[in-house]
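S.K.: File target04.csv below, CSV, C-alpha atoms and all ligand atoms:
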chain,number,residue,atom,x,y,z
P,18,MET,CA,-22.7,11.6,18.7
P,19,PRO,CA,-22.8,8.0,17.3
P,20,GLU,CA,-21.2,7.5,13.9
P,21,ASN,CA,-23.6,7.2,10.9
P,22,TYR,CA,-21.9,5.5,8.0
P,23,ASP,CA,-23.3,5.6,4.4
P,24,LEU,CA,-20.8,3.9,2.2
P,25,HIS,CA,-22.5,3.8,-1.2
P,26,SER,CA,-23.7,6.9,-3.1
P,27,HIS,CA,-23.6,8.6,-6.5
P,28,SER,CA,-23.1,12.1,-7.8
P,29,THR,CA,-23.3,13.8,-11.2
P,30,ALA,CA,-19.9,12.3,-12.0
P,31,SER,CA,-22.0,9.3,-12.9
P,32,ASP,CA,-25.8,8.8,-12.6
P,33,GLY,CA,-26.5,10.8,-9.4
P,34,ALA,CA,-28.7,13.9,-9.5
P,35,LEU,CA,-26.6,16.0,-7.1
P,36,THR,CA,-23.2,17.4,-7.7
P,37,PRO,CA,-20.5,16.1,-5.3
P,38,SER,CA,-20.8,19.2,-3.1
P,39,GLU,CA,-24.6,19.0,-3.0
P,40,LEU,CA,-24.5,15.3,-2.1
P,41,VAL,CA,-22.1,15.9,0.8
P,42,ARG,CA,-24.2,18.8,2.1
P,43,ARG,CA,-27.3,16.6,2.0
P,44,ALA,CA,-25.5,13.8,3.7
P,45,LYS,CA,-24.5,16.2,6.5
P,46,GLN,CA,-28.1,17.4,6.8
P,47,GLN,CA,-29.3,13.8,7.1
P,48,GLY,CA,-26.9,13.1,9.9
P,49,VAL,CA,-24.3,11.1,8.0
P,50,THR,CA,-20.9,11.3,9.7
P,51,CYS,CA,-18.9,9.3,7.2
P,52,LEU,CA,-19.9,9.2,3.5
P,53,ALA,CA,-18.4,7.2,0.7
P,54,LEU,CA,-18.8,8.6,-2.8
P,55,THR,CA,-18.9,5.6,-5.1
P,56,ASP,CA,-19.6,6.7,-8.7
P,57,HIS,CA,-19.8,4.2,-11.5
P,58,ASP,CA,-16.4,3.6,-13.0
P,59,THR,CA,-15.1,7.1,-12.2
P,60,THR,CA,-13.3,8.9,-9.4
P,61,ASP,CA,-13.9,12.4,-11.0
P,62,GLY,CA,-16.2,13.6,-8.3
P,63,LEU,CA,-13.9,12.8,-5.4
P,64,ALA,CA,-11.8,16.0,-5.2
P,65,GLU,CA,-14.9,18.2,-5.1
P,66,ALA,CA,-16.6,15.9,-2.5
P,67,GLN,CA,-13.5,15.9,-0.3
P,68,ALA,CA,-13.3,19.7,-0.3
P,69,ALA,CA,-17.1,19.9,0.5
P,70,ALA,CA,-16.7,17.3,3.3
P,71,SER,CA,-13.9,19.2,5.0
P,72,GLU,CA,-16.1,22.3,4.9
P,73,ALA,CA,-19.1,20.5,6.2
P,74,GLY,CA,-17.2,18.6,8.9
P,75,ILE,CA,-17.9,15.0,7.8
P,76,ASP,CA,-15.6,12.2,6.8
P,77,LEU,CA,-15.4,11.4,3.1
P,78,ILE,CA,-14.2,8.0,1.9
P,79,SER,CA,-12.8,7.9,-1.6
P,80,GLY,CA,-14.8,5.2,-3.3
P,81,ILE,CA,-15.8,3.8,-6.7
P,82,GLU,CA,-18.3,1.3,-8.0
P,83,LEU,CA,-16.7,-0.8,-10.7
P,84,SER,CA,-18.7,-2.6,-13.3
P,85,THR,CA,-17.6,-6.3,-13.8
P,86,THR,CA,-18.7,-9.3,-15.7
P,87,TRP,CA,-18.5,-12.7,-14.0
P,88,HIS,CA,-19.9,-15.7,-15.8
P,89,LYS,CA,-22.2,-13.5,-17.9
P,90,HIS,CA,-23.5,-11.7,-14.7
P,91,CYS,CA,-23.0,-8.0,-14.4
P,92,LEU,CA,-21.8,-7.5,-10.8
P,93,HIS,CA,-20.9,-4.2,-9.1
P,94,ILE,CA,-17.8,-4.1,-6.9
P,95,VAL,CA,-17.4,-1.1,-4.6
P,96,GLY,CA,-13.9,0.0,-3.7
P,97,LEU,CA,-13.6,2.0,-0.5
P,98,ASN,CA,-10.6,4.0,0.7
P,99,ILE,CA,-9.0,3.7,-2.7
P,100,ASN,CA,-6.2,6.0,-4.0
P,101,PRO,CA,-7.7,7.6,-7.1
P,102,GLU,CA,-4.2,8.5,-8.3
P,103,ASP,CA,-3.1,4.9,-8.5
P,104,CYS,CA,-1.8,4.1,-12.1
P,105,ARG,CA,-3.5,0.7,-12.4
P,106,MET,CA,-6.8,2.0,-11.1
P,107,LYS,CA,-6.6,4.9,-13.6
P,108,GLU,CA,-5.7,2.6,-16.5
P,109,GLY,CA,-8.5,0.2,-15.5
P,110,ILE,CA,-11.3,2.7,-15.2
P,111,GLY,CA,-10.0,4.3,-18.5
P,112,LYS,CA,-11.0,1.0,-20.2
P,113,LEU,CA,-14.4,0.9,-18.5
P,114,GLN,CA,-15.0,4.5,-19.6
P,115,ALA,CA,-14.2,3.6,-23.2
P,116,ILE,CA,-16.6,0.7,-22.9
P,117,ARG,CA,-19.3,3.0,-21.6
P,118,ARG,CA,-18.9,5.5,-24.5
P,119,GLU,CA,-19.1,2.7,-27.0
P,120,ARG,CA,-22.1,1.1,-25.3
P,121,ALA,CA,-23.9,4.4,-25.3
P,122,GLU,CA,-23.6,4.6,-29.0
P,123,GLN,CA,-24.9,1.0,-29.4
P,124,ILE,CA,-27.9,1.6,-27.1
P,125,ALA,CA,-28.8,4.8,-29.0
P,126,ALA,CA,-28.5,2.9,-32.3
P,127,LYS,CA,-30.9,0.2,-31.0
P,128,LEU,CA,-33.4,2.9,-29.8
P,129,GLU,CA,-33.2,4.5,-33.2
P,130,LYS,CA,-34.2,1.2,-34.8
P,131,LYS,CA,-37.2,1.3,-32.5
P,132,ARG,CA,-38.0,4.8,-34.0
P,133,ILE,CA,-36.6,6.7,-31.0
P,134,PRO,CA,-34.0,9.1,-32.4
P,135,GLY,CA,-31.8,11.6,-30.6
P,136,ALA,CA,-30.9,9.5,-27.6
P,137,LEU,CA,-27.1,9.8,-27.9
P,138,GLU,CA,-27.1,13.6,-28.1
P,139,ALA,CA,-29.5,13.8,-25.2
P,140,VAL,CA,-27.6,11.5,-22.8
P,141,LYS,CA,-24.3,13.1,-23.7
P,142,ALA,CA,-25.8,16.5,-22.9
P,143,ALA,CA,-27.3,15.2,-19.6
P,144,ALA,CA,-24.2,13.4,-18.5
P,145,GLY,CA,-21.8,16.3,-19.4
P,146,GLU,CA,-18.3,15.4,-18.2
P,147,GLY,CA,-19.8,12.4,-16.2
P,148,MET,CA,-20.2,8.8,-17.1
P,149,ILE,CA,-23.1,7.9,-19.4
P,150,THR,CA,-25.2,5.2,-17.7
P,151,ARG,CA,-28.5,3.5,-18.5
P,152,THR,CA,-30.1,5.9,-15.9
P,153,HIS,CA,-29.5,8.7,-18.4
P,154,PHE,CA,-31.2,6.7,-21.1
P,155,ALA,CA,-34.1,6.0,-18.8
P,156,ASP,CA,-34.4,9.7,-18.0
P,157,PHE,CA,-34.3,10.5,-21.8
P,158,LEU,CA,-37.1,7.9,-22.5
P,159,LEU,CA,-39.1,9.4,-19.7
P,160,SER,CA,-38.7,13.0,-20.7
P,161,GLU,CA,-39.6,12.2,-24.3
P,162,GLY,CA,-42.8,10.5,-23.1
P,163,HIS,CA,-41.9,7.0,-24.3
P,164,VAL,CA,-42.4,5.6,-20.8
P,165,SER,CA,-44.0,7.0,-17.6
P,166,THR,CA,-41.5,5.8,-15.1
P,167,GLN,CA,-37.7,5.0,-15.0
P,168,GLN,CA,-38.6,1.4,-14.1
P,169,GLU,CA,-40.7,1.2,-17.3
P,170,ALA,CA,-37.7,2.3,-19.3
P,171,PHE,CA,-35.8,-0.7,-18.0
P,172,ASP,CA,-38.7,-3.1,-18.4
P,173,ARG,CA,-39.5,-2.1,-22.0
P,174,TYR,CA,-36.3,-0.9,-23.5
P,175,ILE,CA,-33.0,-1.0,-21.7
P,176,GLY,CA,-33.2,-3.8,-19.1
P,177,GLN,CA,-31.6,-7.1,-19.8
P,178,GLY,CA,-33.1,-8.9,-22.8
P,179,LYS,CA,-35.1,-5.8,-23.9
P,180,PRO,CA,-34.8,-4.3,-27.4
P,181,ALA,CA,-32.2,-1.7,-26.6
P,182,TYR,CA,-30.2,-3.8,-24.2
P,183,VAL,CA,-26.5,-4.1,-25.0
P,184,SER,CA,-24.7,-7.1,-23.5
P,185,THR,CA,-21.4,-5.8,-22.2
P,186,GLU,CA,-18.1,-7.3,-21.2
P,187,TRP,CA,-17.0,-5.2,-18.3
P,188,ALA,CA,-13.8,-5.8,-16.2
P,189,GLY,CA,-13.2,-9.2,-14.8
P,190,LEU,CA,-14.1,-9.8,-11.1
P,191,GLU,CA,-10.6,-10.6,-10.2
P,192,GLU,CA,-9.2,-7.7,-12.2
P,193,ALA,CA,-11.5,-5.2,-10.5
P,194,VAL,CA,-10.7,-6.6,-7.0
P,195,ASP,CA,-7.0,-6.3,-8.0
P,196,TRP,CA,-7.3,-2.6,-9.0
P,197,ILE,CA,-9.0,-1.8,-5.7
P,198,LYS,CA,-6.5,-3.7,-3.6
P,199,GLN,CA,-3.5,-2.3,-5.5
P,200,SER,CA,-4.7,1.2,-4.9
P,201,GLY,CA,-4.9,0.5,-1.2
P,202,GLY,CA,-8.6,0.0,-1.0
P,203,ILE,CA,-11.2,-2.4,0.4
P,204,ALA,CA,-13.2,-4.4,-2.1
P,205,VAL,CA,-16.9,-4.9,-1.4
P,206,ILE,CA,-19.6,-6.8,-3.3
P,207,ALA,CA,-22.4,-4.2,-3.8
P,208,HIS,CA,-26.1,-5.1,-3.3
P,209,PRO,CA,-25.6,-8.9,-3.4
P,210,MET,CA,-29.3,-9.6,-3.4
P,211,ARG,CA,-29.9,-7.6,-6.6
P,212,TYR,CA,-28.2,-10.2,-8.8
P,213,LYS,CA,-30.9,-12.9,-8.3
P,214,LEU,CA,-28.2,-15.6,-8.1
P,215,THR,CA,-29.2,-19.1,-7.1
P,216,ALA,CA,-27.7,-20.3,-3.8
P,217,SER,CA,-25.0,-22.3,-5.6
P,218,TRP,CA,-24.0,-19.5,-7.8
P,219,MET,CA,-23.8,-17.2,-4.8
P,220,ARG,CA,-21.5,-19.6,-3.1
P,221,ARG,CA,-19.3,-19.7,-6.2
P,222,LEU,CA,-19.3,-16.0,-6.3
P,223,LEU,CA,-18.4,-15.5,-2.7
P,224,THR,CA,-15.6,-18.1,-3.0
P,225,ALA,CA,-14.2,-16.5,-6.1
P,226,PHE,CA,-14.4,-13.1,-4.5
P,227,ARG,CA,-12.6,-14.2,-1.3
P,228,ASP,CA,-10.0,-16.1,-3.4
P,229,ALA,CA,-9.4,-12.9,-5.4
P,230,GLY,CA,-8.7,-11.0,-2.1
P,231,GLY,CA,-12.2,-9.4,-1.7
P,232,ASP,CA,-12.9,-8.1,1.8
P,233,ALA,CA,-16.5,-7.4,2.4
P,234,ILE,CA,-20.1,-7.6,1.2
P,235,GLU,CA,-22.9,-5.0,1.6
P,236,VAL,CA,-25.2,-6.4,4.3
P,237,VAL,CA,-27.4,-3.3,4.8
P,238,CYS,CA,-28.5,-1.8,1.5
P,239,GLY,CA,-30.9,1.0,0.6
P,240,ARG,CA,-33.7,-1.2,-0.6
P,241,ASN,CA,-33.1,-4.4,1.3
P,242,ASP,CA,-36.0,-6.0,3.1
P,243,PRO,CA,-35.3,-7.7,6.4
P,244,GLY,CA,-35.0,-11.1,4.8
P,245,GLU,CA,-32.4,-9.9,2.4
P,246,THR,CA,-30.3,-8.3,5.2
P,247,GLN,CA,-30.6,-11.6,7.0
P,248,MET,CA,-29.3,-13.6,4.0
P,249,SER,CA,-26.5,-11.2,3.4
P,250,THR,CA,-25.5,-11.4,7.0
P,251,GLN,CA,-25.3,-15.2,6.7
P,252,PHE,CA,-23.1,-14.9,3.5
P,253,ALA,CA,-20.7,-12.5,5.4
P,254,LEU,CA,-20.5,-14.9,8.3
P,255,ASN,CA,-20.1,-18.1,6.3
P,256,PHE,CA,-17.4,-16.6,4.0
P,257,ASP,CA,-15.6,-14.6,6.7
P,258,LEU,CA,-16.3,-11.3,5.0
P,259,ALA,CA,-16.8,-7.9,6.7
P,260,GLY,CA,-20.1,-6.2,6.3
P,261,SER,CA,-20.7,-2.8,4.7
P,262,LYS,CA,-23.8,-0.5,4.6
P,263,GLY,CA,-24.8,2.0,2.0
P,264,SER,CA,-27.9,3.5,0.7
P,265,ASP,CA,-26.9,3.6,-3.0
P,266,PHE,CA,-28.4,7.1,-3.0
P,267,HIS,CA,-28.9,8.6,-6.5
P,268,ASN,CA,-31.6,11.2,-6.4
P,269,PRO,CA,-33.5,13.1,-3.8
P,270,LYS,CA,-36.7,12.5,-5.8
P,271,HIS,CA,-36.3,8.8,-5.1
P,272,VAL,CA,-37.9,9.1,-1.7
P,273,TRP,CA,-37.5,5.4,-1.0
P,274,VAL,CA,-33.7,5.7,-0.7
P,275,GLU,CA,-32.4,8.5,1.4
P,276,LEU,CA,-28.8,9.1,2.7
P,277,GLY,CA,-28.0,7.9,6.2
P,278,ARG,CA,-31.4,6.2,6.9
P,279,LEU,CA,-30.0,2.7,7.2
P,280,ASN,CA,-30.4,0.1,9.8
P,281,PRO,CA,-27.4,-0.7,11.9
P,282,LEU,CA,-25.2,-3.6,10.9
P,283,PRO,CA,-26.1,-6.7,12.7
P,284,GLU,CA,-23.8,-7.1,15.8
P,285,ARG,CA,-22.3,-10.3,14.7
P,286,ILE,CA,-20.8,-8.7,11.6
P,287,ARG,CA,-17.4,-7.2,11.5
P,288,PRO,CA,-17.9,-3.6,10.2
P,289,VAL,CA,-16.0,-2.8,7.0
P,290,TRP,CA,-14.9,0.5,8.6
P,291,ASP,CA,-12.8,-1.4,11.1
P,292,LEU,CA,-10.7,-2.4,8.1
P,293,PHE,CA,-10.0,1.0,6.9
P,294,LYS,CA,-9.3,2.2,10.4
P,295,ALA,CA,-6.9,-0.6,10.7
P,296,SER,CA,-5.1,0.4,7.5
P,297,ALA,CA,-5.0,4.1,8.3
V,1,LIG,P1,-25.3,1.0,-16.1
V,1,LIG,O1,-24.2,0.7,-15.2
V,1,LIG,O2,-25.1,2.1,-17.1
V,1,LIG,O3,-25.8,-0.3,-16.8
V,1,LIG,O4,-26.5,1.6,-15.3
V,1,LIG,C1,-26.9,0.9,-14.2
V,1,LIG,C2,-27.7,1.9,-13.3
V,1,LIG,O5,-29.0,1.9,-13.7
V,1,LIG,C3,-27.7,1.4,-11.9
V,1,LIG,O6,-26.7,1.8,-11.2
V,1,LIG,C4,-29.0,2.0,-11.4
V,1,LIG,O7,-28.8,3.3,-10.9
V,1,LIG,C5,-29.9,2.1,-12.6
V,1,LIG,N1,-30.8,1.0,-12.7
V,1,LIG,C6,-30.6,-0.3,-13.0
V,1,LIG,N2,-31.7,-1.0,-13.0
V,1,LIG,C7,-32.7,-0.2,-12.8
V,1,LIG,C8,-34.1,-0.3,-12.7
V,1,LIG,N3,-34.7,-1.4,-12.9
V,1,LIG,N4,-34.8,0.8,-12.4
V,1,LIG,C9,-34.2,2.0,-12.2
V,1,LIG,N5,-32.9,2.2,-12.3
V,1,LIG,C10,-32.1,1.1,-12.5
V,2,MN,MN,-26.5,3.9,-10.7
V,3,MN,MN,-24.8,-0.9,-8.4
V,4,MN,MN,-24.5,2.2,-6.9
Would you mind giving the structure from this file in structure tokens?
M.R.:
Amino acid sequence: MPENYDLHSHSTASDGALTPSELVRRAKQQGVTCLALTDHDTTDGLAEAQAAASEAGIDLISGIELSTTWHKHCLHIVGLNINPEDCRMKEGIGKLQAIRRERAEQIAAKLEKKRIPGALEAVKAAAGEGMITRTHFADFLLSEGHVSTQQEAFDRYIGQGKPAYVSTEWAGLEEAVDWIKQSGGIAVIAHPMRYKLTASWMRRLLTAFRDAGGDAIEVVCGRNDPGETQMSTQFALNFDLAGSKGSDFHNPKHVWVELGRLNPLPERIRPVWDLFKASA
């Protein structure tokens, strides 16, 4: 059977709808042979996912998706094959988790000013032990009838520049790459086309990322159109980065992003999994 890699996914440890075990079982059903769990700023789902993967008979890559701020842009850096027990990684994500808690209070306060009370209690209850993300706020706004889609929640309240948006200083790009590398992992720029960077800013980013020791870029992403995959392929080739692929799966109700339904990596691209096989 050919390998089917899906190297970007979320569970209830952050803003995914499925528990780590449910996620792994769904990945198996969808034909994924190697899944990376990459929750936002936490490794808490990994142990459960690893156990479920052994049971289901698929490979589980220990991953994370780190929130970073680079020249005022919020960029997501995926770490693959990390060691979740590494001290610096633990300390680093501890800081990001504190930032998330504080930001949740600030977002809730801004919503309260817009006469929308109760957000903090609701998102805390929904997130449980997991990270509180804007997805939780979007779901709250949806369930209270303030918006009719998740997208509308971002467009009207919590997206950048909207009334309940809180500008946040996350980890530095170099810092995040360093945590990943120090923990034995591979650093990957997540969904590069989502940042809407100009060509010159993209070149600056790829240069800075390479200089920091970054390894790869997502070339095949859940919602890429063919043009976006083509551009990402060119970035990878021009900057000598490996290519990753991942659905960024969050929720089975989001029918447009399913686990393991990704196009193959273009042949010219060095697959990121060659790197973790090489380091194994
Ligand atoms: P946070 O890291 O807390 O700012 O939350 C970011 C998460 O919100 C992303 O990982 C997505 O899952 C989700 N998200 C961001 N933008 C949108 C959007 N426009 N529509 C739906 N979900 C979004
Ligand atoms: Mn998310
Ligand atoms: Mn992301
Ligand atoms: Mn993601």
S.K.: Using only C-alpha atoms and all ligand atoms, which residue out of P:Asp265, P:Asp291, P:Asp172, P:Glu39 lies closest to ligand MN 4 (chain V)?
M.R.: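 Of P:Asp265, P:Asp291, P:Asp172, P:Glu39, the one nearest ligand MN 4 (chain V), counting only C-alpha atoms and all ligand atoms, is P:Asp265.
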S.K.: Hey, which of P:Ala155, P:Ile116, P:Leu190, P:Ile133 ends up closest to ligand MN 2 (chain V)? Count only C-alpha atoms and all ligand atoms.
M.R.: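 Smallest distance to ligand MN 2 (chain V) is found for P:Ala155.
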S.K.: Which of these residues is nearest to ligand LIG 1 (chain V), using only C-alpha atoms and all ligand atoms: P:Arg132, P:Lys179, P:Arg105, P:His267?
M.R.: P:His267
S.K.: Nearest to P:Cys104 among P:Pro209, P:Gly201, P:Gly230, P:Gly277, with distances taken over only C-alpha atoms: which residue is it?
M.R.: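 Result for the nearest residue to P:Cys104: P:Gly201.
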S.K.: Just want the 12 Å neighbourhood of P:Gln67, counted on all atoms listed in the file, with same-chain residues fewer than 3 positions away dropped. Output as a ChimeraX atom specification.
M.R.: /P:37-42,51-54,60-64,70-80
S.K.: Throw together the list of residues within 6 Å of ligand LIG 1 (chain V), counting all atoms listed in the file, and drop it here as a PyMOL selection string.
M.R.: chain P and resi 150-152+167-168+171
S.K.: List as an NGL selection string the protein and nucleic acid residues near stretch 243-253 of chain P, meaning an atom at most 9 Å away when only C-alpha atoms are counted, but skip any in the same chain fewer than 2 places from it.
M.R.: :P and (209-210 or 219-220 or 223 or 233-238 or 241 or 255-260 or 282-283 or 285-287)
S.K.: Please identify all polymer residues lying at most 9 Å from the point (-31.5, -2.1, -24.8) (file coordinates), using only C-alpha atoms, and present the result as a list of chain:residue names.
M.R.: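 Nearby residues: P:Gln123, P:Ile124, P:Ala125, P:Lys127, P:Leu128, P:Arg151, P:Phe171, P:Arg173, P:Tyr174, P:Ile175, P:Gly176, P:Gln177, P:Gly178, P:Lys179, P:Pro180, P:Ala181, P:Tyr182, P:Val183, P:Ser184.
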S.K.: With ligand MN 4 (chain V) as the partner and 9 Å as the cut-off, tabulate the residues of chain P that qualify, each row holding the nearest pair of atoms and their distance in Å to one decimal, using all atoms listed in the file, sorted by chain and rising number, as a Markdown table.
M.R.:
| residue | atom | partner | partner_atom | distance |
| --- | --- | --- | --- | --- |
| P:His25 | CA | V:MN4 | MN | 6.2 |
| P:Ser26 | CA | V:MN4 | MN | 6.1 |
| P:His27 | CA | V:MN4 | MN | 6.5 |
| P:Asp32 | CA | V:MN4 | MN | 8.8 |
| P:Thr55 | CA | V:MN4 | MN | 6.8 |
| P:Asp56 | CA | V:MN4 | MN | 6.9 |
| P:His57 | CA | V:MN4 | MN | 6.9 |
| P:Ile81 | CA | V:MN4 | MN | 8.8 |
| P:Glu82 | CA | V:MN4 | MN | 6.4 |
| P:His93 | CA | V:MN4 | MN | 7.7 |
| P:Val95 | CA | V:MN4 | MN | 8.2 |
| P:Ala207 | CA | V:MN4 | MN | 7.4 |
| P:His208 | CA | V:MN4 | MN | 8.3 |
| P:Gly263 | CA | V:MN4 | MN | 8.9 |
| P:Ser264 | CA | V:MN4 | MN | 8.4 |
| P:Asp265 | CA | V:MN4 | MN | 4.8 |
| P:Phe266 | CA | V:MN4 | MN | 7.4 |
| P:His267 | CA | V:MN4 | MN | 7.8 |
S.K.: Could you please determine the separation between atom CA of P:Ser28 and atom CA of P:Ala142 in Å, to one decimal place?
M.R.: 16.0 Å
S.K.: Using Å and a single decimal, report how far atom CA of P:Arg278 sits from atom CA of P:Gln47.
M.R.: 7.9 Å
